[in-house]
>>> print(open('protein.txt').read())   # compact mmCIF, C-alpha atoms
# COMPACT_ATOMS: atom_id res chain seq x y z
CA MET A 38 0.00 0.00 0.00
CA THR A 39 1.39 3.32 -1.01
CA ASN A 40 1.62 6.22 1.42
CA TRP A 41 0.86 3.99 4.41
CA PRO A 42 2.19 5.77 7.54
CA ASN A 43 4.42 3.70 9.80
CA GLU A 44 2.31 4.84 12.76
CA TRP A 45 -0.72 2.92 11.47
CA ALA A 46 -1.15 -0.80 12.03
CA PRO A 47 -0.98 -2.81 8.81
CA LEU A 48 -4.17 -3.75 7.03
CA SER A 49 -4.82 -6.90 5.01
CA ASN A 50 -6.23 -6.52 1.49
CA GLU A 51 -9.38 -8.31 2.64
CA VAL A 52 -10.02 -5.85 5.48
CA LEU A 53 -9.12 -2.90 3.23
CA THR A 54 -11.78 -4.05 0.78
CA LYS A 55 -14.36 -4.44 3.56
CA LEU A 56 -13.55 -1.01 5.00
CA SER A 57 -13.75 0.59 1.55
CA LYS A 58 -17.47 -0.30 1.48
CA LEU A 59 -18.20 0.73 5.07
CA LYS A 60 -21.50 2.52 5.75
CA MET A 61 -21.33 2.84 9.54
CA ILE A 62 -18.91 2.54 12.43
CA ILE A 63 -19.92 2.16 16.05
CA PHE A 64 -17.45 2.68 18.89
CA ASP A 65 -17.37 1.59 22.49
CA VAL A 66 -16.32 4.54 24.68
CA ASP A 67 -14.39 3.55 27.82
CA GLY A 68 -11.12 1.96 26.74
CA VAL A 69 -11.57 3.15 23.14
CA PHE A 70 -12.24 6.91 23.23
CA THR A 71 -10.69 6.99 26.72
CA ASP A 72 -7.89 5.07 28.38
CA GLY A 73 -10.50 3.54 30.68
CA THR A 74 -9.70 5.80 33.62
CA ILE A 75 -12.57 7.41 35.48
CA LEU A 76 -11.60 10.05 38.02
CA ARG A 77 -13.93 10.84 40.94
CA ASP A 78 -13.56 13.63 43.43
CA GLU A 79 -14.68 13.50 47.07
CA LEU A 80 -18.18 14.63 46.05
CA GLY A 81 -18.50 11.79 43.55
CA ASN A 82 -18.10 14.03 40.49
CA GLU A 83 -16.70 12.14 37.52
CA GLN A 84 -14.12 13.20 34.98
CA ARG A 85 -13.04 11.53 31.74
CA ARG A 86 -10.43 12.60 29.22
CA PHE A 87 -11.27 12.76 25.51
CA SER A 88 -8.96 13.76 22.65
CA VAL A 89 -9.84 16.51 20.19
CA LEU A 90 -7.78 14.57 17.65
CA ASP A 91 -10.26 11.69 17.87
CA GLY A 92 -13.06 14.22 17.52
CA HIS A 93 -11.57 15.55 14.29
CA GLY A 94 -11.32 11.98 12.98
CA ILE A 95 -15.04 11.50 13.65
CA SER A 96 -15.79 14.71 11.77
CA ARG A 97 -13.74 13.44 8.82
CA LEU A 98 -15.69 10.16 8.76
CA ARG A 99 -18.95 12.09 8.61
CA ASP A 100 -17.53 14.15 5.71
CA PHE A 101 -17.04 10.84 3.89
CA GLY A 102 -20.72 10.03 4.41
CA LEU A 103 -20.35 7.45 7.16
CA ILE A 104 -22.88 7.03 9.94
CA VAL A 105 -21.00 7.21 13.24
CA GLY A 106 -22.17 6.13 16.67
CA VAL A 107 -21.29 4.94 20.14
CA VAL A 108 -22.64 2.19 22.35
CA SER A 109 -21.48 2.21 25.96
CA ARG A 110 -22.57 0.28 29.03
CA GLU A 111 -21.80 3.25 31.29
CA PRO A 112 -24.74 5.64 31.71
CA SER A 113 -22.38 8.64 31.74
CA GLU A 114 -23.65 12.17 31.19
CA ILE A 115 -20.06 13.20 30.42
CA THR A 116 -19.91 10.66 27.60
CA LYS A 117 -23.34 11.65 26.31
CA SER A 118 -22.39 15.33 26.29
CA ARG A 119 -19.10 14.69 24.49
CA MET A 120 -20.72 12.50 21.84
CA GLU A 121 -23.47 15.09 21.29
CA LYS A 122 -20.76 17.70 20.76
CA LEU A 123 -19.17 15.38 18.18
CA LYS A 124 -22.60 15.17 16.46
CA MET A 125 -22.68 11.39 16.60
CA ASP A 126 -25.56 9.92 14.62
CA GLU A 127 -26.23 7.26 17.26
CA ILE A 128 -25.56 7.76 20.98
CA HIS A 129 -26.41 4.88 23.28
CA VAL A 130 -25.09 5.18 26.84
CA GLY A 131 -26.23 2.80 29.55
CA SER A 132 -26.71 -0.09 27.10
CA LYS A 133 -27.15 -3.28 29.11
CA ASP A 134 -26.66 -5.55 26.07
CA LYS A 135 -24.55 -4.15 23.24
CA SER A 136 -25.64 -6.83 20.77
CA VAL A 137 -29.30 -5.88 21.23
CA THR A 138 -28.47 -2.19 20.81
CA VAL A 139 -26.34 -2.75 17.70
CA LYS A 140 -28.95 -5.05 16.17
CA GLU A 141 -31.65 -2.42 16.80
CA ILE A 142 -29.53 0.29 15.12
CA LEU A 143 -28.89 -1.86 12.05
CA THR A 144 -32.56 -2.82 11.76
CA ARG A 145 -33.82 0.75 12.20
CA ARG A 146 -31.30 2.08 9.67
CA ASN A 147 -31.79 -0.88 7.31
CA LEU A 148 -28.05 -1.61 7.22
CA ASP A 149 -26.39 -4.86 6.19
CA ALA A 150 -24.06 -5.99 9.01
CA ASN A 151 -21.30 -6.64 6.44
CA PHE A 152 -20.99 -2.87 5.94
CA VAL A 153 -20.84 -1.98 9.63
CA ALA A 154 -17.80 -1.94 11.92
CA PHE A 155 -17.55 -1.93 15.70
CA MET A 156 -14.46 -0.90 17.69
CA GLY A 157 -14.29 -2.35 21.19
CA ASP A 158 -11.75 -3.24 23.83
CA ASP A 159 -13.28 -5.50 26.48
CA ILE A 160 -15.33 -8.68 26.92
CA PRO A 161 -18.77 -6.95 26.82
CA ASP A 162 -17.86 -5.85 23.28
CA LEU A 163 -17.81 -9.45 22.05
CA ALA A 164 -21.61 -9.30 21.92
CA ALA A 165 -21.45 -6.26 19.61
CA PHE A 166 -18.77 -7.98 17.50
CA SER A 167 -21.25 -10.76 16.78
CA GLU A 168 -23.61 -8.26 15.09
CA VAL A 169 -21.20 -6.58 12.63
CA GLY A 170 -19.08 -7.56 9.67
CA ILE A 171 -15.91 -5.72 10.65
CA LYS A 172 -14.33 -5.87 14.11
CA LEU A 173 -11.73 -3.32 15.24
CA ALA A 174 -9.77 -3.02 18.48
CA PRO A 175 -7.24 -0.70 20.11
CA SER A 176 -3.81 -2.17 20.83
CA ASN A 177 -4.53 -2.48 24.56
CA ALA A 178 -7.78 -4.43 24.12
CA GLN A 179 -8.29 -7.59 26.11
CA PRO A 180 -6.87 -10.73 24.44
CA GLN A 181 -10.33 -12.16 23.73
CA ILE A 182 -11.16 -9.02 21.74
CA ARG A 183 -7.82 -8.87 19.92
CA ASN A 184 -8.26 -12.53 18.91
CA LYS A 185 -11.62 -11.73 17.25
CA ALA A 186 -10.60 -8.39 15.70
CA ASP A 187 -10.08 -7.99 11.95
CA TRP A 188 -7.73 -5.07 12.63
CA ILE A 189 -5.91 -3.85 15.74
CA SER A 190 -4.59 -0.29 15.93
CA ASN A 191 -1.04 0.51 16.91
CA ALA A 192 -2.39 3.17 19.28
CA SER A 193 -4.07 2.34 22.57
CA GLY A 194 -7.53 3.41 23.69
CA GLY A 195 -7.63 7.07 24.70
CA ASN A 196 -4.26 7.61 23.03
CA GLY A 197 -5.07 7.81 19.34
CA ALA A 198 -6.79 4.48 18.59
CA VAL A 199 -10.00 6.17 17.41
CA ARG A 200 -8.15 8.63 15.18
CA GLU A 201 -5.99 5.85 13.73
CA ALA A 202 -9.12 3.82 12.94
CA CYS A 203 -10.74 6.88 11.33
CA GLU A 204 -7.72 7.53 9.12
CA VAL A 205 -7.41 3.86 8.13
CA ILE A 206 -11.11 3.82 7.18
CA ILE A 207 -10.73 7.02 5.13
CA TYR A 208 -7.64 5.60 3.39
CA SER A 209 -9.63 2.43 2.57
CA ILE A 210 -12.60 4.39 1.21
CA GLU A 211 -10.31 6.53 -0.95
CA SER A 212 -8.52 3.41 -2.21
CA GLY A 213 -11.86 1.85 -3.08
CA ARG A 214 -12.90 4.94 -5.04
CA GLN A 215 -9.65 4.87 -7.01
CA GLY A 216 -10.30 1.22 -7.86
CA ASP A 217 -13.74 2.00 -9.35
>>> encode(input="protein.txt", output="structure tokens")
Amino acid sequence: MTNWPNEWAPLSNEVLTKLSKLKMIIFDVDGVFTDGTILRDELGNEQRRFSVLDGHGISRLRDFGLIVGVVSREPSEITKSRMEKLKMDEIHVGSKDKSVTVKEILTRRNLDANFVAFMGDDIPDLAAFSEVGIKLAPSNAQPQIRNKADWISNASGGNGAVREACEVIIYSIESGRQGD
């Protein structure tokens, strides 16, 4: 692949082809958009750290016509607020069963699972993996997730994994257009 940055994890031709036809990507939040750390002060107020670089990657995906969403088990107002600011098409926080939520999204949007990706990092994400055609993971994902993933970023969750995935998807879409 020409112009492939060394910072990006390699991509097989099969996964590149799948990503070139992508219609939607859904992300987990904690451990993907964040490093999984939740800070609480003595009053119980929560803090999470999000990267503006990831946010710009999401904006770029939307510019390419992709539907972008998040599904998180944590019912976090901080997460909801951040994802609203990013203008996510689908925001699901407090999802008890990610597979049910993902299935509902695909049904409502009339999307073929083969053209949908999910990026997750931990065991609860295996359920969501079972509902999509393309499975992505940050480098620090749990082994069970990495073993099922079609592609694993070089970057870890909360430290560029989302942006790397966004750029790899955009590269794949552009490559697919050049092949038409």
>>> atom_distance(input="protein.txt", atom1="CA of Val107 (chain A)", atom2="CA of Ile62 (chain A)")
8.4 Å
>>> residues_around(input="protein.txt", residues="region 65-73 of chain A", least_positions_apart="6", cutoff="9 Å", atoms="only C-alpha atoms", output="ChimeraX atom specification")
/A:85-88,91,106-111,116,155-159,162,174-175,177-178,193-199
>>> closest_residue(input="protein.txt", among="A:Ser167, A:Ser113, A:Asn184, A:Thr54", to="Asn82 (chain A)", atoms="all atoms listed in the file")
A:Ser113
>>> atom_distance(input="protein.txt", atom1="CA of Val205 (chain A)", atom2="CA of Met61 (chain A)")
14.0 Å
>>> atom_distance(input="protein.txt", atom1="CA of Pro112 (chain A)", atom2="CA of Lys133 (chain A)")
9.6 Å
>>> residues_around(input="protein.txt", residues="Gln181 (chain A)", least_positions_apart="5", cutoff="9 Å", atoms="all atoms listed in the file", output="list in words")
Asp159, Ile160, Leu163 and Ala186 of chain A
>>> residues_around(input="protein.txt", residues="Ile207 (chain A)", least_positions_apart="5", cutoff="10 Å", atoms="only C-alpha atoms", output="list in words")
Leu56, Ser57, Leu59, Gly94, Arg97, Leu98, Asp100, Phe101, Leu103, Glu201, Ala202, Ser212 and Gly213 of chain A
>>> residues_around(input="protein.txt", residues="Arg146 (chain A)", least_positions_apart="6", cutoff="12 Å", atoms="all atoms listed in the file", output="list in words")
Lys60, Met61, Ile104, Asp126, Glu127, Val139, Lys140 and Val153 of chain A
>>> write_last_selection(input="protein.txt", atoms="C-alpha atoms", output="compact mmCIF listing (two decimals), keeping the file's coordinate frame")
# COMPACT_ATOMS: atom_id res chain seq x y z
CA LYS A 60 -21.50 2.52 5.75
CA MET A 61 -21.33 2.84 9.54
CA ILE A 104 -22.88 7.03 9.94
CA ASP A 126 -25.56 9.92 14.62
CA GLU A 127 -26.23 7.26 17.26
CA VAL A 139 -26.34 -2.75 17.70
CA LYS A 140 -28.95 -5.05 16.17
CA VAL A 153 -20.84 -1.98 9.63
>>> decode(input="protein.txt", residues="region 105-209 of chain A", atoms="C-alpha atoms", output="PDB file, in the first residue's frame")
ATOM      1  CA  VAL A 105     -21.000   7.212  13.238  1.00  0.00           C
ATOM      2  CA  GLY A 106     -22.171   6.127  16.670  1.00  0.00           C
ATOM      3  CA  VAL A 107     -21.293   4.944  20.138  1.00  0.00           C
ATOM      4  CA  VAL A 108     -22.644   2.187  22.350  1.00  0.00           C
ATOM      5  CA  SER A 109     -21.481   2.207  25.965  1.00  0.00           C
ATOM      6  CA  ARG A 110     -22.570   0.279  29.027  1.00  0.00           C
ATOM      7  CA  GLU A 111     -21.804   3.249  31.293  1.00  0.00           C
ATOM      8  CA  PRO A 112     -24.742   5.644  31.712  1.00  0.00           C
ATOM      9  CA  SER A 113     -22.376   8.635  31.743  1.00  0.00           C
ATOM     10  CA  GLU A 114     -23.654  12.174  31.191  1.00  0.00           C
ATOM     11  CA  ILE A 115     -20.064  13.203  30.424  1.00  0.00           C
ATOM     12  CA  THR A 116     -19.912  10.664  27.601  1.00  0.00           C
ATOM     13  CA  LYS A 117     -23.340  11.650  26.314  1.00  0.00           C
ATOM     14  CA  SER A 118     -22.391  15.332  26.294  1.00  0.00           C
ATOM     15  CA  ARG A 119     -19.096  14.693  24.486  1.00  0.00           C
ATOM     16  CA  MET A 120     -20.720  12.503  21.845  1.00  0.00           C
ATOM     17  CA  GLU A 121     -23.473  15.086  21.289  1.00  0.00           C
ATOM     18  CA  LYS A 122     -20.761  17.697  20.762  1.00  0.00           C
ATOM     19  CA  LEU A 123     -19.171  15.385  18.176  1.00  0.00           C
ATOM     20  CA  LYS A 124     -22.596  15.169  16.458  1.00  0.00           C
ATOM     21  CA  MET A 125     -22.677  11.390  16.599  1.00  0.00           C
ATOM     22  CA  ASP A 126     -25.562   9.918  14.616  1.00  0.00           C
ATOM     23  CA  GLU A 127     -26.226   7.262  17.256  1.00  0.00           C
ATOM     24  CA  ILE A 128     -25.564   7.762  20.976  1.00  0.00           C
ATOM     25  CA  HIS A 129     -26.406   4.884  23.279  1.00  0.00           C
ATOM     26  CA  VAL A 130     -25.094   5.178  26.844  1.00  0.00           C
ATOM     27  CA  GLY A 131     -26.225   2.797  29.549  1.00  0.00           C
ATOM     28  CA  SER A 132     -26.707  -0.086  27.098  1.00  0.00           C
ATOM     29  CA  LYS A 133     -27.146  -3.280  29.114  1.00  0.00           C
ATOM     30  CA  ASP A 134     -26.661  -5.550  26.073  1.00  0.00           C
ATOM     31  CA  LYS A 135     -24.555  -4.153  23.245  1.00  0.00           C
ATOM     32  CA  SER A 136     -25.636  -6.826  20.775  1.00  0.00           C
ATOM     33  CA  VAL A 137     -29.300  -5.878  21.234  1.00  0.00           C
ATOM     34  CA  THR A 138     -28.465  -2.186  20.811  1.00  0.00           C
ATOM     35  CA  VAL A 139     -26.341  -2.746  17.703  1.00  0.00           C
ATOM     36  CA  LYS A 140     -28.953  -5.053  16.171  1.00  0.00           C
ATOM     37  CA  GLU A 141     -31.647  -2.417  16.799  1.00  0.00           C
ATOM     38  CA  ILE A 142     -29.526   0.287  15.119  1.00  0.00           C
ATOM     39  CA  LEU A 143     -28.889  -1.859  12.047  1.00  0.00           C
ATOM     40  CA  THR A 144     -32.560  -2.822  11.761  1.00  0.00           C
ATOM     41  CA  ARG A 145     -33.820   0.746  12.196  1.00  0.00           C
ATOM     42  CA  ARG A 146     -31.302   2.085   9.673  1.00  0.00           C
ATOM     43  CA  ASN A 147     -31.792  -0.878   7.308  1.00  0.00           C
ATOM     44  CA  LEU A 148     -28.051  -1.607   7.220  1.00  0.00           C
ATOM     45  CA  ASP A 149     -26.389  -4.859   6.191  1.00  0.00           C
ATOM     46  CA  ALA A 150     -24.064  -5.992   9.005  1.00  0.00           C
ATOM     47  CA  ASN A 151     -21.298  -6.636   6.444  1.00  0.00           C
ATOM     48  CA  PHE A 152     -20.987  -2.868   5.935  1.00  0.00           C
ATOM     49  CA  VAL A 153     -20.844  -1.981   9.627  1.00  0.00           C
ATOM     50  CA  ALA A 154     -17.797  -1.944  11.917  1.00  0.00           C
ATOM     51  CA  PHE A 155     -17.546  -1.933  15.699  1.00  0.00           C
ATOM     52  CA  MET A 156     -14.462  -0.903  17.689  1.00  0.00           C
ATOM     53  CA  GLY A 157     -14.289  -2.345  21.189  1.00  0.00           C
ATOM     54  CA  ASP A 158     -11.746  -3.242  23.832  1.00  0.00           C
ATOM     55  CA  ASP A 159     -13.282  -5.501  26.477  1.00  0.00           C
ATOM     56  CA  ILE A 160     -15.331  -8.682  26.923  1.00  0.00           C
ATOM     57  CA  PRO A 161     -18.769  -6.952  26.818  1.00  0.00           C
ATOM     58  CA  ASP A 162     -17.864  -5.851  23.277  1.00  0.00           C
ATOM     59  CA  LEU A 163     -17.810  -9.453  22.048  1.00  0.00           C
ATOM     60  CA  ALA A 164     -21.609  -9.295  21.925  1.00  0.00           C
ATOM     61  CA  ALA A 165     -21.449  -6.264  19.613  1.00  0.00           C
ATOM     62  CA  PHE A 166     -18.770  -7.979  17.501  1.00  0.00           C
ATOM     63  CA  SER A 167     -21.254 -10.763  16.777  1.00  0.00           C
ATOM     64  CA  GLU A 168     -23.608  -8.256  15.090  1.00  0.00           C
ATOM     65  CA  VAL A 169     -21.204  -6.584  12.629  1.00  0.00           C
ATOM     66  CA  GLY A 170     -19.082  -7.560   9.666  1.00  0.00           C
ATOM     67  CA  ILE A 171     -15.908  -5.719  10.649  1.00  0.00           C
ATOM     68  CA  LYS A 172     -14.333  -5.866  14.106  1.00  0.00           C
ATOM     69  CA  LEU A 173     -11.728  -3.324  15.237  1.00  0.00           C
ATOM     70  CA  ALA A 174      -9.766  -3.018  18.478  1.00  0.00           C
ATOM     71  CA  PRO A 175      -7.240  -0.698  20.110  1.00  0.00           C
ATOM     72  CA  SER A 176      -3.809  -2.169  20.828  1.00  0.00           C
ATOM     73  CA  ASN A 177      -4.531  -2.476  24.558  1.00  0.00           C
ATOM     74  CA  ALA A 178      -7.776  -4.429  24.115  1.00  0.00           C
ATOM     75  CA  GLN A 179      -8.287  -7.588  26.109  1.00  0.00           C
ATOM     76  CA  PRO A 180      -6.868 -10.733  24.437  1.00  0.00           C
ATOM     77  CA  GLN A 181     -10.334 -12.162  23.731  1.00  0.00           C
ATOM     78  CA  ILE A 182     -11.159  -9.016  21.740  1.00  0.00           C
ATOM     79  CA  ARG A 183      -7.818  -8.873  19.917  1.00  0.00           C
ATOM     80  CA  ASN A 184      -8.261 -12.527  18.912  1.00  0.00           C
ATOM     81  CA  LYS A 185     -11.617 -11.729  17.246  1.00  0.00           C
ATOM     82  CA  ALA A 186     -10.596  -8.395  15.704  1.00  0.00           C
ATOM     83  CA  ASP A 187     -10.082  -7.994  11.955  1.00  0.00           C
ATOM     84  CA  TRP A 188      -7.734  -5.071  12.629  1.00  0.00           C
ATOM     85  CA  ILE A 189      -5.911  -3.845  15.742  1.00  0.00           C
ATOM     86  CA  SER A 190      -4.586  -0.294  15.934  1.00  0.00           C
ATOM     87  CA  ASN A 191      -1.036   0.509  16.914  1.00  0.00           C
ATOM     88  CA  ALA A 192      -2.394   3.166  19.285  1.00  0.00           C
ATOM     89  CA  SER A 193      -4.068   2.336  22.568  1.00  0.00           C
ATOM     90  CA  GLY A 194      -7.526   3.408  23.691  1.00  0.00           C
ATOM     91  CA  GLY A 195      -7.627   7.068  24.704  1.00  0.00           C
ATOM     92  CA  ASN A 196      -4.259   7.611  23.033  1.00  0.00           C
ATOM     93  CA  GLY A 197      -5.071   7.809  19.340  1.00  0.00           C
ATOM     94  CA  ALA A 198      -6.791   4.484  18.588  1.00  0.00           C
ATOM     95  CA  VAL A 199      -9.997   6.172  17.410  1.00  0.00           C
ATOM     96  CA  ARG A 200      -8.149   8.630  15.177  1.00  0.00           C
ATOM     97  CA  GLU A 201      -5.990   5.852  13.732  1.00  0.00           C
ATOM     98  CA  ALA A 202      -9.121   3.824  12.938  1.00  0.00           C
ATOM     99  CA  CYS A 203     -10.743   6.880  11.331  1.00  0.00           C
ATOM    100  CA  GLU A 204      -7.717   7.528   9.120  1.00  0.00           C
ATOM    101  CA  VAL A 205      -7.415   3.858   8.126  1.00  0.00           C
ATOM    102  CA  ILE A 206     -11.110   3.822   7.177  1.00  0.00           C
ATOM    103  CA  ILE A 207     -10.726   7.021   5.125  1.00  0.00           C
ATOM    104  CA  TYR A 208      -7.639   5.596   3.393  1.00  0.00           C
ATOM    105  CA  SER A 209      -9.629   2.432   2.571  1.00  0.00           C
TER     106      SER A 209
END
